[in-house]
Amino acid sequence: MRNGHRLGHLLGHRLGWRFGWLWGAYGTSALGTWLAFGAFPLIAIQVLHAGPAEVAALSSVGAAVGAAVAVPLGPWVEFRLKRPVLIATDLVRFAALLTIPAAYALGVLTFLQLLLVSVVVAAADITFRAASGAYLKTLLPAEDLLVANARFESTTWTATIVGPPLGGAAIGLLGPVATVVADAVSYLLSALGIRATGGPEPLPARRKATRLRAGDLLDGWRYILADAALRPLFFNTALFNGLVMAASPLLAVLMLGPLGFAPWQYGLAFAAPSIGGLLGSRLARPLVTRFGQHRVLVVSGTLRALWPVGLAFLGPGTGGLVLVMGVEFGLILCCGVFNPVYATYRLERTATDRVTRTLSAWAVTTRASTALLTAAWGVLGGLLGPRTAIGLAGVLILATPLLLPRRAAARLPEPEPAPSRA
């Protein structure tokens, strides 16, 4: 076990070996996710010969139903130890994903199975993210949360840069099912890493009622909407993320269709700018130290909204490719600064006994709004053309800084920690 502690300490640096194992688990599952990026649609098309409507349903319906399934899990998880929940959700994703290569090998894989697995993975993902935020808040003191979130952010962008090319090569050599196996194994390794964090965990607050009531499902949303600092940030992130994602399919149609970009150029246009995310996550803590959390949150949140409208002016050839890469680099750089600051701000503003419900409600809303806006922009793209619809999304994104918190909020006083249980 001493070697395990040494490895965790090496990963965690000054944040401690327990965080090191959590960070290593996060990086492993993030890499697995990006290795398998696009695997489900490819399996649906190449193996099951699915049409465009089925592929679209796989992406949108799976995520939307998964978000709905996750709604009751937030209040349920709030009153349970978070580390066992994290391990369980990792194992659920491992088992669910592993059914796909098993069914493929037996020749019984169906579209319905793909859809069900996507629902299970989406629900487990939302639950994991909510529980991990609560666990992180008990694992580290408040002054270290920004450092931790910046490391998670840099890890996400590293996986974004490295994963898709490696996954593409694996798909070319072994087929899309192979990357699903890699993704499943990454969740198993993540579960082992979280188990290795060990140590005591504060006991969660006790539920007043013995049973989960229908009204309890809305606790997360009630808490967010009642908080003057969280409320605007909640609407800002849901609208910004939804509009950015809604424009992405239309941009693919525009680039790969009328503008005649090759698939490798399209991939390069979004992979290379991800370096901006690494740079931004590195800058987050120094900027907060110098200028303060609230100012960095507002400025980076405003700057990230200025870039997407530039995609409406996209043209063909090298100039168009440079324009896309420049816009995406600027957008991702600002997001790389904003995201860890925003994640830290949100944790600091949320009471410890409300974190899971709040983060779960936040994630469910973001997923649902993204699905709705993507569907709406698909219709707009058909009616107005992809370029006009992309421009409209960009113009609306320009208004999102109005929803950022207007003034710095005081950090919530934390209650006395409850007794721990290993």
# chains A, B, ... in the order shown; residues from 1 in each chain; ligands from 1

$ select_by_dssp --residues "range 133-333 of chain A" --states "helix (DSSP H, G or I)" --output "PyMOL selection string"
chain A and resi 133-139+142-174+176-196+214-226+230-256+263-291+293-306+308-313+317-333

$ closest_atom_pairs --of "range 234-255 of chain A" --to "range 331-341 of chain A" --cutoff "12 Å" --atoms "only C-alpha atoms" --output "Markdown table"
| residue | atom | partner | partner_atom | distance |
| --- | --- | --- | --- | --- |
| A:Thr237 | CA | A:Asn339 | CA | 9.9 |
| A:Phe240 | CA | A:Cys335 | CA | 10.9 |
| A:Asn241 | CA | A:Cys335 | CA | 10.6 |
| A:Val244 | CA | A:Leu331 | CA | 10.2 |

$ residues_around --residues "range 314-322 of chain A" --least-positions-apart "3" --cutoff "9 Å" --atoms "only C-alpha atoms" --output "list of chain:residue names"
A:Leu254, A:Met255, A:Pro258, A:Leu259, A:Gly260, A:Phe261, A:Gln265, A:Tyr266, A:Leu268, A:Ala269, A:Gly310, A:Leu311, A:Met325, A:Gly326, A:Val327, A:Arg387

$ atom_distance --atom1 "CA of Ala363 in chain A" --atom2 "CA of Ser132 in chain A"
12.6 Å

$ residues_around --residues "Leu347 in chain A" --least-positions-apart "3" --cutoff "9 Å" --atoms "only C-alpha atoms" --output "list in words"
Gly133, Ala134, Lys137, Ala142, Leu145, Tyr342, Ala343, Thr344, Thr350, Ala351, Thr352, Val355 and Leu359 of chain A

$ write_last_selection --atoms "C-alpha atoms" --output "PDB file, in the first residue's frame"
ATOM      1  CA  GLY A 133     -18.198  17.509  -6.692  1.00  0.00           C
ATOM      2  CA  ALA A 134     -19.508  16.747  -3.220  1.00  0.00           C
ATOM      3  CA  LYS A 137     -15.426  19.445  -1.348  1.00  0.00           C
ATOM      4  CA  ALA A 142     -11.678  25.555   0.127  1.00  0.00           C
ATOM      5  CA  LEU A 145     -10.518  23.778  -4.894  1.00  0.00           C
ATOM      6  CA  TYR A 342     -16.878  28.720 -12.325  1.00  0.00           C
ATOM      7  CA  ALA A 343     -16.720  25.162 -10.909  1.00  0.00           C
ATOM      8  CA  THR A 344     -14.912  26.453  -7.810  1.00  0.00           C
ATOM      9  CA  THR A 350     -23.241  25.604  -2.314  1.00  0.00           C
ATOM     10  CA  ALA A 351     -23.706  24.263   1.205  1.00  0.00           C
ATOM     11  CA  THR A 352     -21.983  20.925   1.755  1.00  0.00           C
ATOM     12  CA  VAL A 355     -23.863  19.856  -3.318  1.00  0.00           C
ATOM     13  CA  LEU A 359     -24.864  19.660  -9.213  1.00  0.00           C
TER      14      LEU A 359
END

$ residues_around --residues "Asp125 in chain A" --least-positions-apart "2" --cutoff "10 Å" --atoms "only C-alpha atoms" --output "list in words"
Gly66, Ala67, Ala70, Leu86, Thr89, Asp90, Val92, Arg93, Val119, Val120, Val121, Ala122, Ala123, Thr127, Phe128, Arg129, Ala130, Ala131 and Ala363 of chain A

$ decode --residues "range 97-108 of chain A" --atoms "N, CA and C atoms" --output "PDB file, in the first residue's frame"
ATOM      1  N   LEU A  97     -21.307  -0.825 -20.779  1.00  0.00           N
ATOM      2  CA  LEU A  97     -20.554  -0.725 -22.038  1.00  0.00           C
ATOM      3  C   LEU A  97     -20.044  -2.083 -22.493  1.00  0.00           C
ATOM      4  N   LEU A  98     -19.702  -2.931 -21.534  1.00  0.00           N
ATOM      5  CA  LEU A  98     -19.150  -4.232 -21.902  1.00  0.00           C
ATOM      6  C   LEU A  98     -20.191  -5.132 -22.563  1.00  0.00           C
ATOM      7  N   THR A  99     -21.468  -4.835 -22.375  1.00  0.00           N
ATOM      8  CA  THR A  99     -22.496  -5.643 -23.041  1.00  0.00           C
ATOM      9  C   THR A  99     -22.475  -5.464 -24.557  1.00  0.00           C
ATOM     10  N   ILE A 100     -21.947  -4.348 -25.019  1.00  0.00           N
ATOM     11  CA  ILE A 100     -21.937  -4.085 -26.472  1.00  0.00           C
ATOM     12  C   ILE A 100     -20.961  -5.005 -27.200  1.00  0.00           C
ATOM     13  N   PRO A 101     -19.670  -5.055 -26.813  1.00  0.00           N
ATOM     14  CA  PRO A 101     -18.794  -6.018 -27.497  1.00  0.00           C
ATOM     15  C   PRO A 101     -19.221  -7.464 -27.296  1.00  0.00           C
ATOM     16  N   ALA A 102     -19.823  -7.759 -26.113  1.00  0.00           N
ATOM     17  CA  ALA A 102     -20.296  -9.135 -25.886  1.00  0.00           C
ATOM     18  C   ALA A 102     -21.412  -9.489 -26.859  1.00  0.00           C
ATOM     19  N   ALA A 103     -22.386  -8.580 -27.014  1.00  0.00           N
ATOM     20  CA  ALA A 103     -23.483  -8.827 -27.949  1.00  0.00           C
ATOM     21  C   ALA A 103     -22.996  -8.859 -29.388  1.00  0.00           C
ATOM     22  N   TYR A 104     -22.029  -8.009 -29.695  1.00  0.00           N
ATOM     23  CA  TYR A 104     -21.461  -7.977 -31.056  1.00  0.00           C
ATOM     24  C   TYR A 104     -20.770  -9.299 -31.370  1.00  0.00           C
ATOM     25  N   ALA A 105     -20.005  -9.812 -30.414  1.00  0.00           N
ATOM     26  CA  ALA A 105     -19.296 -11.073 -30.631  1.00  0.00           C
ATOM     27  C   ALA A 105     -20.274 -12.235 -30.824  1.00  0.00           C
ATOM     28  N   LEU A 106     -21.428 -12.162 -30.152  1.00  0.00           N
ATOM     29  CA  LEU A 106     -22.428 -13.224 -30.278  1.00  0.00           C
ATOM     30  C   LEU A 106     -23.378 -13.001 -31.452  1.00  0.00           C
ATOM     31  N   GLY A 107     -23.244 -11.860 -32.126  1.00  0.00           N
ATOM     32  CA  GLY A 107     -24.094 -11.569 -33.272  1.00  0.00           C
ATOM     33  C   GLY A 107     -25.514 -11.178 -32.918  1.00  0.00           C
ATOM     34  N   VAL A 108     -25.740 -10.658 -31.698  1.00  0.00           N
ATOM     35  CA  VAL A 108     -27.101 -10.315 -31.267  1.00  0.00           C
ATOM     36  C   VAL A 108     -27.241  -8.826 -30.924  1.00  0.00           C
TER      37      VAL A 108
END
